[in-house]
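S.K.: Dropping in upload.cif, which is mmCIF, C-alpha atoms (C1' of nucleotides); chains and numbers go by the auth columns:
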data_final
loop_
_atom_site.group_PDB
_atom_site.id
_atom_site.type_symbol
_atom_site.label_atom_id
_atom_site.label_comp_id
_atom_site.label_asym_id
_atom_site.label_seq_id
_atom_site.Cartn_x
_atom_site.Cartn_y
_atom_site.Cartn_z
_atom_site.B_iso_or_equiv
_atom_site.auth_seq_id
_atom_site.auth_asym_id
ATOM 1 C CA MET A 1 451.007 175.851 49.185 0.00 213 A
ATOM 2 C CA GLN A 2 453.565 174.738 51.797 0.00 214 A
ATOM 3 C CA ILE A 3 454.802 171.316 52.791 0.00 215 A
ATOM 4 C CA VAL A 4 453.811 170.923 56.427 0.00 216 A
ATOM 5 C CA CYS A 5 455.399 167.591 57.127 0.00 217 A
ATOM 6 C CA GLU A 6 459.001 167.436 55.958 0.00 218 A
ATOM 7 C CA GLU A 7 460.160 164.591 58.212 0.00 219 A
ATOM 8 C CA ASN A 8 460.203 161.020 56.965 0.00 220 A
ATOM 9 C CA LEU A 9 458.385 161.985 53.802 0.00 221 A
ATOM 10 C CA ASP A 10 459.974 159.102 51.919 0.00 222 A
ATOM 11 C CA LYS A 11 458.687 156.589 54.467 0.00 223 A
ATOM 12 C CA ARG A 12 455.324 158.263 54.723 0.00 224 A
ATOM 13 C CA LEU A 13 454.841 158.248 50.970 0.00 225 A
ATOM 14 C CA LEU A 14 455.643 154.543 50.742 0.00 226 A
ATOM 15 C CA GLU A 15 453.393 153.726 53.693 0.00 227 A
ATOM 16 C CA LEU A 16 450.547 155.681 52.115 0.00 228 A
ATOM 17 C CA TYR A 17 451.140 153.767 48.896 0.00 229 A
ATOM 18 C CA LYS A 18 450.908 150.448 50.741 0.00 230 A
ATOM 19 C CA GLN A 19 447.678 151.550 52.416 0.00 231 A
ATOM 20 C CA LEU A 20 446.117 152.545 49.120 0.00 232 A
ATOM 21 C CA ARG A 21 447.235 149.265 47.548 0.00 233 A
ATOM 22 C CA SER A 22 445.697 147.241 50.336 0.00 234 A
ATOM 23 C CA GLU A 23 442.477 149.212 49.962 0.00 235 A
ATOM 24 C CA HIS A 24 442.095 149.263 46.192 0.00 236 A
ATOM 25 C CA GLY A 25 444.339 146.500 44.826 0.00 237 A
ATOM 26 C CA ASN A 26 446.634 146.649 41.844 0.00 238 A
ATOM 27 C CA LEU A 27 445.143 148.905 39.177 0.00 239 A
ATOM 28 C CA ARG A 28 447.782 149.074 36.431 0.00 240 A
ATOM 29 C CA TRP A 29 446.630 152.207 34.587 0.00 241 A
ATOM 30 C CA TRP A 30 445.951 153.876 31.878 0.00 242 A
ATOM 31 C CA PRO A 31 442.866 152.718 29.944 0.00 243 A
ATOM 32 C CA ALA A 32 444.136 153.108 26.360 0.00 244 A
ATOM 33 C CA ASP A 33 445.461 150.952 23.547 0.00 245 A
ATOM 34 C CA SER A 34 448.312 153.151 22.300 0.00 246 A
ATOM 35 C CA PRO A 35 450.511 156.075 23.331 0.00 247 A
ATOM 36 C CA PHE A 36 448.486 158.351 21.054 0.00 248 A
ATOM 37 C CA GLU A 37 445.242 157.274 22.704 0.00 249 A
ATOM 38 C CA VAL A 38 446.801 157.985 26.103 0.00 250 A
ATOM 39 C CA ALA A 39 447.646 161.509 24.983 0.00 251 A
ATOM 40 C CA LEU A 40 444.193 162.120 23.523 0.00 252 A
ATOM 41 C CA GLY A 41 442.569 160.872 26.701 0.00 253 A
ATOM 42 C CA ALA A 42 444.864 163.061 28.798 0.00 254 A
ATOM 43 C CA ILE A 43 443.747 166.162 26.904 0.00 255 A
ATOM 44 C CA LEU A 44 440.071 165.228 26.801 0.00 256 A
ATOM 45 C CA THR A 45 439.805 164.383 30.494 0.00 257 A
ATOM 46 C CA GLN A 46 440.822 167.865 31.623 0.00 258 A
ATOM 47 C CA ALA A 47 438.210 168.792 34.255 0.00 259 A
ATOM 48 C CA THR A 48 435.943 166.153 32.769 0.00 260 A
ATOM 49 C CA ALA A 49 434.539 162.817 33.904 0.00 261 A
ATOM 50 C CA TRP A 50 436.222 159.891 32.162 0.00 262 A
ATOM 51 C CA ARG A 51 432.918 158.383 31.037 0.00 263 A
ATOM 52 C CA ASN A 52 432.393 161.460 28.842 0.00 264 A
ATOM 53 C CA VAL A 53 435.893 161.124 27.437 0.00 265 A
ATOM 54 C CA GLU A 54 435.126 157.552 26.418 0.00 266 A
ATOM 55 C CA LYS A 55 432.162 158.706 24.367 0.00 267 A
ATOM 56 C CA ALA A 56 434.328 161.179 22.482 0.00 268 A
ATOM 57 C CA ILE A 57 437.052 158.600 21.869 0.00 269 A
ATOM 58 C CA ASP A 58 434.428 156.133 20.649 0.00 270 A
ATOM 59 C CA ASN A 59 433.150 158.823 18.276 0.00 271 A
ATOM 60 C CA LEU A 60 436.633 159.337 16.853 0.00 272 A
ATOM 61 C CA LYS A 61 437.112 155.608 16.341 0.00 273 A
ATOM 62 C CA ALA A 62 433.672 155.195 14.782 0.00 274 A
ATOM 63 C CA ALA A 63 434.372 158.082 12.396 0.00 275 A
ATOM 64 C CA ASP A 64 437.681 156.471 11.438 0.00 276 A
ATOM 65 C CA ALA A 65 439.478 159.552 12.754 0.00 277 A
ATOM 66 C CA PHE A 66 441.915 158.041 15.169 0.00 278 A
ATOM 67 C CA THR A 67 445.362 158.672 13.795 0.00 279 A
ATOM 68 C CA PRO A 68 447.101 162.060 13.924 0.00 280 A
ATOM 69 C CA GLU A 69 446.833 162.303 10.136 0.00 281 A
ATOM 70 C CA GLN A 70 443.135 161.410 10.044 0.00 282 A
ATOM 71 C CA ILE A 71 442.303 163.917 12.763 0.00 283 A
ATOM 72 C CA HIS A 72 444.365 166.562 11.017 0.00 284 A
ATOM 73 C CA ALA A 73 442.425 165.933 7.810 0.00 285 A
ATOM 74 C CA ILE A 74 438.913 166.541 9.156 0.00 286 A
ATOM 75 C CA SER A 75 437.333 169.966 9.532 0.00 287 A
ATOM 76 C CA GLN A 76 437.180 171.854 12.800 0.00 288 A
ATOM 77 C CA ASP A 77 433.376 171.636 12.818 0.00 289 A
ATOM 78 C CA GLU A 78 433.545 167.884 12.395 0.00 290 A
ATOM 79 C CA LEU A 79 436.169 167.533 15.106 0.00 291 A
ATOM 80 C CA GLU A 80 434.064 169.604 17.501 0.00 292 A
ATOM 81 C CA LYS A 81 431.057 167.429 16.751 0.00 293 A
ATOM 82 C CA LEU A 82 432.981 164.238 17.499 0.00 294 A
ATOM 83 C CA LEU A 83 434.422 165.659 20.735 0.00 295 A
ATOM 84 C CA HIS A 84 431.093 167.122 21.861 0.00 296 A
ATOM 85 C CA PRO A 85 430.338 164.564 24.626 0.00 297 A
ATOM 86 C CA SER A 86 433.594 165.305 26.446 0.00 298 A
ATOM 87 C CA GLY A 87 432.574 168.892 27.212 0.00 299 A
ATOM 88 C CA TYR A 88 434.530 172.091 26.487 0.00 300 A
ATOM 89 C CA PHE A 89 434.373 170.735 22.955 0.00 301 A
ATOM 90 C CA ARG A 90 435.481 173.896 21.155 0.00 302 A
ATOM 91 C CA MET A 91 438.497 174.336 23.413 0.00 303 A
ATOM 92 C CA LYS A 92 439.349 170.670 23.210 0.00 304 A
ATOM 93 C CA ALA A 93 439.077 170.612 19.422 0.00 305 A
ATOM 94 C CA LYS A 94 441.694 173.369 19.347 0.00 306 A
ATOM 95 C CA LYS A 95 443.890 171.507 21.789 0.00 307 A
ATOM 96 C CA VAL A 96 443.638 168.189 19.986 0.00 308 A
ATOM 97 C CA ARG A 97 444.434 169.871 16.685 0.00 309 A
ATOM 98 C CA ALA A 98 447.435 171.654 18.160 0.00 310 A
ATOM 99 C CA PHE A 99 448.677 168.350 19.533 0.00 311 A
ATOM 100 C CA VAL A 100 448.293 166.358 16.311 0.00 312 A
ATOM 101 C CA GLU A 101 449.948 169.144 14.329 0.00 313 A
ATOM 102 C CA HIS A 102 452.901 168.994 16.686 0.00 314 A
ATOM 103 C CA ILE A 103 453.365 165.232 16.539 0.00 315 A
ATOM 104 C CA ILE A 104 452.963 165.135 12.772 0.00 316 A
ATOM 105 C CA GLU A 105 456.097 167.288 12.739 0.00 317 A
ATOM 106 C CA ARG A 106 457.720 165.462 15.638 0.00 318 A
ATOM 107 C CA PRO A 107 456.261 161.978 16.158 0.00 319 A
ATOM 108 C CA MET A 108 455.762 160.800 19.728 0.00 320 A
ATOM 109 C CA ALA A 109 458.359 158.058 19.234 0.00 321 A
ATOM 110 C CA VAL A 110 460.907 160.751 18.366 0.00 322 A
ATOM 111 C CA MET A 111 459.967 163.012 21.263 0.00 323 A
ATOM 112 C CA PHE A 112 460.075 160.066 23.635 0.00 324 A
ATOM 113 C CA LYS A 113 463.818 159.703 23.067 0.00 325 A
ATOM 114 C CA LEU A 114 464.310 162.842 25.154 0.00 326 A
ATOM 115 C CA ASP A 115 464.945 162.625 28.868 0.00 327 A
ATOM 116 C CA VAL A 116 462.113 163.550 31.209 0.00 328 A
ATOM 117 C CA PRO A 117 462.990 167.246 31.730 0.00 329 A
ATOM 118 C CA ASP A 118 463.394 167.969 28.003 0.00 330 A
ATOM 119 C CA LEU A 119 460.351 165.912 27.037 0.00 331 A
ATOM 120 C CA ARG A 120 458.329 167.773 29.639 0.00 332 A
ATOM 121 C CA LYS A 121 459.438 171.139 28.284 0.00 333 A
ATOM 122 C CA GLU A 122 458.505 170.172 24.741 0.00 334 A
ATOM 123 C CA LEU A 123 455.066 168.867 25.770 0.00 335 A
ATOM 124 C CA LEU A 124 454.392 172.012 27.826 0.00 336 A
ATOM 125 C CA SER A 125 455.145 174.110 24.762 0.00 337 A
ATOM 126 C CA ILE A 126 452.123 172.600 22.977 0.00 338 A
ATOM 127 C CA TYR A 127 448.869 174.569 23.262 0.00 339 A
ATOM 128 C CA GLY A 128 446.486 172.834 25.644 0.00 340 A
ATOM 129 C CA VAL A 129 449.126 170.711 27.329 0.00 341 A
ATOM 130 C CA GLY A 130 449.610 171.855 30.907 0.00 342 A
ATOM 131 C CA PRO A 131 451.615 170.181 33.675 0.00 343 A
ATOM 132 C CA GLU A 132 449.205 167.365 34.517 0.00 344 A
ATOM 133 C CA THR A 133 448.564 166.483 30.896 0.00 345 A
ATOM 134 C CA ALA A 134 452.297 166.551 30.142 0.00 346 A
ATOM 135 C CA ASP A 135 453.126 164.311 33.094 0.00 347 A
ATOM 136 C CA SER A 136 450.327 161.904 32.170 0.00 348 A
ATOM 137 C CA ILE A 137 451.747 161.573 28.663 0.00 349 A
ATOM 138 C CA ILE A 138 455.294 161.108 29.974 0.00 350 A
ATOM 139 C CA LEU A 139 454.286 158.503 32.537 0.00 351 A
ATOM 140 C CA TYR A 140 451.556 156.564 30.751 0.00 352 A
ATOM 141 C CA ALA A 141 452.511 156.947 27.100 0.00 353 A
ATOM 142 C CA ALA A 142 456.297 157.346 27.147 0.00 354 A
ATOM 143 C CA GLU A 143 456.533 155.198 30.287 0.00 355 A
ATOM 144 C CA LYS A 144 459.141 157.431 31.865 0.00 356 A
ATOM 145 C CA PRO A 145 459.114 158.426 35.546 0.00 357 A
ATOM 146 C CA SER A 146 457.321 161.769 35.888 0.00 358 A
ATOM 147 C CA PHE A 147 454.885 161.822 38.781 0.00 359 A
ATOM 148 C CA VAL A 148 451.329 162.953 37.968 0.00 360 A
ATOM 149 C CA VAL A 149 449.502 164.966 40.604 0.00 361 A
ATOM 150 C CA ASP A 150 446.012 166.427 40.455 0.00 362 A
ATOM 151 C CA THR A 151 443.295 167.973 42.577 0.00 363 A
ATOM 152 C CA TYR A 152 442.639 164.572 44.187 0.00 364 A
ATOM 153 C CA THR A 153 446.251 164.392 45.310 0.00 365 A
ATOM 154 C CA TYR A 154 446.044 167.876 46.770 0.00 366 A
ATOM 155 C CA ARG A 155 442.754 167.150 48.515 0.00 367 A
ATOM 156 C CA LEU A 156 444.052 163.939 50.054 0.00 368 A
ATOM 157 C CA PHE A 157 447.287 165.518 51.234 0.00 369 A
ATOM 158 C CA SER A 158 445.431 168.484 52.685 0.00 370 A
ATOM 159 C CA ARG A 159 443.250 166.078 54.665 0.00 371 A
ATOM 160 C CA LEU A 160 446.347 164.293 55.902 0.00 372 A
ATOM 161 C CA GLY A 161 447.808 167.627 56.944 0.00 373 A
ATOM 162 C CA TRP A 162 450.923 167.123 54.838 0.00 374 A
ATOM 163 C CA VAL A 163 450.400 170.313 52.842 0.00 375 A
ATOM 164 C CA ALA A 164 448.625 173.619 53.483 0.00 376 A
ATOM 165 C CA GLY A 165 447.554 176.609 51.406 0.00 377 A
ATOM 166 C CA ASN A 166 446.413 176.675 47.808 0.00 378 A
ATOM 167 C CA PHE A 167 447.094 173.918 45.310 0.00 379 A
ATOM 168 C CA HIS A 168 450.444 174.363 43.571 0.00 380 A
ATOM 169 C CA TYR A 169 451.135 171.764 40.916 0.00 381 A
ATOM 170 C CA GLU A 170 454.913 171.924 40.702 0.00 382 A
ATOM 171 C CA ARG A 171 455.459 171.947 44.445 0.00 383 A
ATOM 172 C CA LEU A 172 453.163 168.996 44.998 0.00 384 A
ATOM 173 C CA ARG A 173 454.840 167.064 42.176 0.00 385 A
ATOM 174 C CA ALA A 174 458.265 167.848 43.638 0.00 386 A
ATOM 175 C CA LEU A 175 457.138 166.303 46.906 0.00 387 A
ATOM 176 C CA PHE A 176 456.877 162.950 45.124 0.00 388 A
ATOM 177 C CA MET A 177 459.819 163.396 42.764 0.00 389 A
ATOM 178 C CA ASP A 178 462.165 164.319 45.625 0.00 390 A
ATOM 179 C CA ASN A 179 461.113 161.576 48.022 0.00 391 A
ATOM 180 C CA LEU A 180 460.356 158.492 45.953 0.00 392 A
ATOM 181 C CA PRO A 181 462.538 156.283 43.749 0.00 393 A
ATOM 182 C CA HIS A 182 461.956 157.217 40.094 0.00 394 A
ATOM 183 C CA ASP A 183 460.195 153.973 39.233 0.00 395 A
ATOM 184 C CA VAL A 184 457.693 153.967 36.378 0.00 396 A
ATOM 185 C CA ASN A 185 455.562 151.185 37.814 0.00 397 A
ATOM 186 C CA LEU A 186 455.450 152.824 41.225 0.00 398 A
ATOM 187 C CA PHE A 187 454.484 156.215 39.770 0.00 399 A
ATOM 188 C CA ASN A 188 451.915 154.592 37.489 0.00 400 A
ATOM 189 C CA GLU A 189 450.179 152.738 40.266 0.00 401 A
ATOM 190 C CA TYR A 190 450.456 155.488 42.867 0.00 402 A
ATOM 191 C CA HIS A 191 448.660 158.084 40.777 0.00 403 A
ATOM 192 C CA ALA A 192 446.032 155.564 39.689 0.00 404 A
ATOM 193 C CA LEU A 193 445.352 154.676 43.322 0.00 405 A
ATOM 194 C CA ILE A 194 445.013 158.316 44.336 0.00 406 A
ATOM 195 C CA VAL A 195 442.469 158.944 41.591 0.00 407 A
ATOM 196 C CA ARG A 196 440.540 155.798 42.483 0.00 408 A
ATOM 197 C CA HIS A 197 440.631 156.776 46.127 0.00 409 A
ATOM 198 C CA GLY A 198 439.714 160.355 45.294 0.00 410 A
ATOM 199 C CA ALA A 199 436.044 159.586 44.993 0.00 411 A
ATOM 200 C CA ARG A 200 436.060 158.709 48.681 0.00 412 A
ATOM 201 C CA VAL A 201 437.706 161.888 49.910 0.00 413 A
ATOM 202 C CA CYS A 202 435.003 164.325 50.894 0.00 414 A
ATOM 203 C CA LYS A 203 435.502 167.760 49.336 0.00 415 A
ATOM 204 C CA LYS A 204 434.221 169.990 52.096 0.00 416 A
ATOM 205 C CA THR A 205 434.389 168.175 55.401 0.00 417 A
ATOM 206 C CA PRO A 206 437.922 168.102 56.826 0.00 418 A
ATOM 207 C CA ASN A 207 437.390 164.895 58.793 0.00 419 A
ATOM 208 C CA CYS A 208 435.277 162.966 56.367 0.00 420 A
ATOM 209 C CA GLU A 209 434.713 159.404 57.595 0.00 421 A
ATOM 210 C CA SER A 210 434.775 158.042 54.061 0.00 422 A
ATOM 211 C CA CYS A 211 438.479 158.813 53.911 0.00 423 A
ATOM 212 C CA PHE A 212 439.806 155.703 55.634 0.00 424 A
ATOM 213 C CA LEU A 213 443.257 157.212 55.983 0.00 425 A
ATOM 214 C CA GLN A 214 441.995 159.722 58.530 0.00 426 A
ATOM 215 C CA SER A 215 440.529 157.219 60.903 0.00 427 A
ATOM 216 C CA GLN A 216 442.551 154.057 60.490 0.00 428 A
ATOM 217 C CA CYS A 217 446.203 154.973 60.528 0.00 429 A
ATOM 218 C CA ASP A 218 447.743 157.273 63.109 0.00 430 A
ATOM 219 C CA PHE A 219 450.998 157.183 61.206 0.00 431 A
ATOM 220 C CA PHE A 220 449.527 159.527 58.621 0.00 432 A
ATOM 221 C CA GLN A 221 448.647 162.230 61.089 0.00 433 A
ATOM 222 C CA VAL A 222 451.234 164.986 61.300 0.00 434 A
ATOM 223 C CA GLY A 223 453.081 164.884 64.572 0.00 435 A
ATOM 224 C CA SER A 224 452.538 161.209 65.247 0.00 436 A
ATOM 225 C CA GLY A 225 455.191 159.786 62.982 0.00 437 A
ATOM 226 C "C1'" DA B 1 417.877 171.364 40.446 0.00 188 B
ATOM 227 C "C1'" DG B 2 422.376 171.700 41.567 0.00 189 B
ATOM 228 C "C1'" DC B 3 427.032 170.072 41.919 0.00 190 B
ATOM 229 C "C1'" DC B 4 431.064 168.472 39.896 0.00 191 B
ATOM 230 C "C1'" DA B 5 434.373 165.582 37.073 0.00 192 B
ATOM 231 C "C1'" DG B 6 441.768 162.620 36.447 0.00 193 B
ATOM 232 C "C1'" DG B 7 442.790 171.383 33.756 0.00 194 B
ATOM 233 C "C1'" DA B 8 444.583 175.018 30.864 0.00 195 B
ATOM 234 C "C1'" DC B 9 444.506 179.571 29.046 0.00 196 B
ATOM 235 C "C1'" DT B 10 443.759 184.479 29.381 0.00 197 B
ATOM 236 C "C1'" DG B 11 443.748 189.018 31.193 0.00 198 B
ATOM 237 C "C1'" DA B 12 444.050 191.997 35.215 0.00 199 B
ATOM 238 C "C1'" DG B 13 446.201 193.698 39.315 0.00 200 B
ATOM 239 C "C1'" DC C 1 453.434 185.787 40.235 0.00 105 C
ATOM 240 C "C1'" DT C 2 448.667 185.111 41.917 0.00 106 C
ATOM 241 C "C1'" DC C 3 443.944 184.627 40.796 0.00 107 C
ATOM 242 C "C1'" DA C 4 439.167 184.930 39.124 0.00 108 C
ATOM 243 C "C1'" DG C 5 436.733 184.125 34.860 0.00 109 C
ATOM 244 C "C1'" DT C 6 436.009 181.115 31.029 0.00 110 C
ATOM 245 C "C1'" DC C 7 435.137 176.925 28.717 0.00 111 C
ATOM 246 C "C1'" DA C 8 430.400 172.760 28.447 0.00 112 C
ATOM 247 C "C1'" DT C 9 428.594 167.919 28.672 0.00 113 C
ATOM 248 C "C1'" DG C 10 426.401 164.279 31.339 0.00 114 C
ATOM 249 C "C1'" DG C 11 425.648 161.440 35.590 0.00 115 C
ATOM 250 C "C1'" DC C 12 424.086 161.382 40.096 0.00 116 C
#
Rewrite the coordinates I just gave you, this time as structure tokens.
M.R.:
Amino acid sequence: MQIVCEENLDKRLLELYKQLRSEHGNLRWWPADSPFEVALGAILTQATAWRNVEKAIDNLKAADAFTPEQIHAISQDELEKLLHPSGYFRMKAKKVRAFVEHIIERPMAVMFKLDVPDLRKELLSIYGVGPETADSIILYAAEKPSFVVDTYTYRLFSRLGWVAGNFHYERLRALFMDNLPHDVNLFNEYHALIVRHGARVCKKTPNCESCFLQSQCDFFQVGSG
DNA sequence: AGCCAGGACTGAG
DNA sequence: CTCAGTCATGGC
């Protein structure tokens, strides 16, 4: 993956943000009641629709298995059963267990005292926590500025012609980290807007009409700014 | 009926 | 390092 449009990226990113805001409003993410619930949701939503994640989280709450210690105490079979609706339930049971075992040793509140680079390294060392999950936990649970990108971000930016080639998480994240102020509220809202908008970005057709950014704002087209 | 959703890990080349 | 294969349910 290469960055096609290097010029004025800071201005372009802020203008895109304003466009998304005007289209979708102020979202204020993440749907969870605690940092631990954010982290669980981040793991469970890997390649999975959020509505299925909600079922699994409801199961955990209903089974009174919603603290790290409670989850650690139940059997693997039971954990798999509770996580079943979220899909990949065997994999996710392993991942959730690895995560709770880690934070029983090092509570999230302790980890969250680290700066973003060190916190990110520690989260990435946990089985089942990849770059997007780590950044989601840092941004939405620790409330520190680490930009979250995903396949929606890549798809949108490909349509805009700002990037080309295959999706590369770290390079796409660096595009935001290097060209935006490190503001938690900005990062929070920006990623939320991209995900909300993502449903309108056609997967296969390069000039999908449902992607308003293609048709309504010449500024976003490479070469016009 | 198929397609796909807010990815990550593994093994092979 | 790059990449295909794997993991799995539920809504549209």
S.K.: Expressed in Å to a single decimal, how great is the separation between CA of Glu235 in chain A and CA of Val407 in chain A?
M.R.: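 Going from CA of Glu235 in chain A over to CA of Val407 in chain A, I get 12.8 Å.
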S.K.: If you take all atoms listed in the file and a cut-off of 7 Å, which residues of chain C touch chain A, and what are their nearest atom pairs and distances in Å to one decimal, in chain and number order, as JSON lines?
M.R.:
{"residue": "C:DC111", "atom": "C1'", "partner": "A:Tyr300", "partner_atom": "CA", "distance": 5.4}
{"residue": "C:DA112", "atom": "C1'", "partner": "A:Gly299", "partner_atom": "CA", "distance": 4.6}
{"residue": "C:DT113", "atom": "C1'", "partner": "A:Gly299", "partner_atom": "CA", "distance": 4.3}
S.K.: Identify every residue of chain A that has at least one atom within 12 Å of any atom of chain B, counting all atoms listed in the file, and report the result as a PyMOL selection string.
M.R.: chain A and resi 241-243+253-265+298-300+303-304+306-307+336+338-348+360-365+381+403-411+415
S.K.: How would the residues just chosen look if you wrote them out with C-alpha atoms as a CSV table (one decimal), in the coordinates of the input?
M.R.:
chain,number,residue,atom,x,y,z
A,241,TRP,CA,446.6,152.2,34.6
A,242,TRP,CA,446.0,153.9,31.9
A,243,PRO,CA,442.9,152.7,29.9
A,253,GLY,CA,442.6,160.9,26.7
A,254,ALA,CA,444.9,163.1,28.8
A,255,ILE,CA,443.7,166.2,26.9
A,256,LEU,CA,440.1,165.2,26.8
A,257,THR,CA,439.8,164.4,30.5
A,258,GLN,CA,440.8,167.9,31.6
A,259,ALA,CA,438.2,168.8,34.3
A,260,THR,CA,435.9,166.2,32.8
A,261,ALA,CA,434.5,162.8,33.9
A,262,TRP,CA,436.2,159.9,32.2
A,263,ARG,CA,432.9,158.4,31.0
A,264,ASN,CA,432.4,161.5,28.8
A,265,VAL,CA,435.9,161.1,27.4
A,298,SER,CA,433.6,165.3,26.4
A,299,GLY,CA,432.6,168.9,27.2
A,300,TYR,CA,434.5,172.1,26.5
A,303,MET,CA,438.5,174.3,23.4
A,304,LYS,CA,439.3,170.7,23.2
A,306,LYS,CA,441.7,173.4,19.3
A,307,LYS,CA,443.9,171.5,21.8
A,336,LEU,CA,454.4,172.0,27.8
A,338,ILE,CA,452.1,172.6,23.0
A,339,TYR,CA,448.9,174.6,23.3
A,340,GLY,CA,446.5,172.8,25.6
A,341,VAL,CA,449.1,170.7,27.3
A,342,GLY,CA,449.6,171.9,30.9
A,343,PRO,CA,451.6,170.2,33.7
A,344,GLU,CA,449.2,167.4,34.5
A,345,THR,CA,448.6,166.5,30.9
A,346,ALA,CA,452.3,166.6,30.1
A,347,ASP,CA,453.1,164.3,33.1
A,348,SER,CA,450.3,161.9,32.2
A,360,VAL,CA,451.3,163.0,38.0
A,361,VAL,CA,449.5,165.0,40.6
A,362,ASP,CA,446.0,166.4,40.5
A,363,THR,CA,443.3,168.0,42.6
A,364,TYR,CA,442.6,164.6,44.2
A,365,THR,CA,446.3,164.4,45.3
A,381,TYR,CA,451.1,171.8,40.9
A,403,HIS,CA,448.7,158.1,40.8
A,404,ALA,CA,446.0,155.6,39.7
A,405,LEU,CA,445.4,154.7,43.3
A,406,ILE,CA,445.0,158.3,44.3
A,407,VAL,CA,442.5,158.9,41.6
A,408,ARG,CA,440.5,155.8,42.5
A,409,HIS,CA,440.6,156.8,46.1
A,410,GLY,CA,439.7,160.4,45.3
A,411,ALA,CA,436.0,159.6,45.0
A,415,LYS,CA,435.5,167.8,49.3
S.K.: Calculate how many Å separate CA of Leu335 in chain A from CA of Arg367 in chain A, rounding to one decimal.
M.R.: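 Taking CA of Leu335 in chain A and CA of Arg367 in chain A, their separation equals 25.9 Å.
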S.K.: Please indicate the distance in Å from CA of Asp327 in chain A to CA of Glu355 in chain A, rounded to one decimal place.
M.R.: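 Separation between CA of Asp327 in chain A and CA of Glu355 in chain A: 11.3 Å.
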S.K.: Please enumerate the residues selected by the PyMOL selection byres ((chain A and resi 394) around 12) when evaluated against the supplied file, formatted as a list in words.
M.R.: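 Evaluating the PyMOL selection byres ((chain A and resi 394) around 12) on this file yields Val328, Leu351, Glu355, Lys356, Pro357, Ser358, Phe359, Ala386, Phe388, Met389, Asp390, Asn391, Leu392, Pro393, Asp395, Val396, Asn397, Leu398, Phe399, Asn400 and Tyr402 of chain A.
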S.K.: Those residues with C-alpha atoms, as a short mmCIF file (atom, residue, chain, number, x, y, z; two decimals), in the coordinates of the input please?
M.R.:
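Output (again.cif):
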data_model
loop_
_atom_site.label_atom_id
_atom_site.label_comp_id
_atom_site.auth_asym_id
_atom_site.auth_seq_id
_atom_site.Cartn_x
_atom_site.Cartn_y
_atom_site.Cartn_z
CA VAL A 328 462.11 163.55 31.21
CA LEU A 351 454.29 158.50 32.54
CA GLU A 355 456.53 155.20 30.29
CA LYS A 356 459.14 157.43 31.86
CA PRO A 357 459.11 158.43 35.55
CA SER A 358 457.32 161.77 35.89
CA PHE A 359 454.88 161.82 38.78
CA ALA A 386 458.26 167.85 43.64
CA PHE A 388 456.88 162.95 45.12
CA MET A 389 459.82 163.40 42.76
CA ASP A 390 462.16 164.32 45.62
CA ASN A 391 461.11 161.58 48.02
CA LEU A 392 460.36 158.49 45.95
CA PRO A 393 462.54 156.28 43.75
CA ASP A 395 460.20 153.97 39.23
CA VAL A 396 457.69 153.97 36.38
CA ASN A 397 455.56 151.18 37.81
CA LEU A 398 455.45 152.82 41.22
CA PHE A 399 454.48 156.22 39.77
CA ASN A 400 451.92 154.59 37.49
CA TYR A 402 450.46 155.49 42.87
#
S.K.: Expand the PyMOL selection byres ((chain A and resi 214-230) around 7) into the explicit residue set it covers here, and present it as a PyMOL selection string.
M.R.: chain A and resi 213+231-234+373-377+391-392+402+434
S.K.: Nearest to DT106 in chain C: which of A:Glu401, A:Ala275, A:Phe379, A:Arg371 is it, counting all atoms listed in the file?
M.R.: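 Looking at the shortest contact to DT106 in chain C, the residue is A:Phe379.
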S.K.: Could you name the residues that touch Ile283 in chain A at 12 Å or less, counting all atoms listed in the file, but leaving out those on the same chain fewer than 5 positions away, as a ChimeraX atom specification?
M.R.: /A:248,252,269,271-273,275-278,288-292,294-295,305-313,315-316
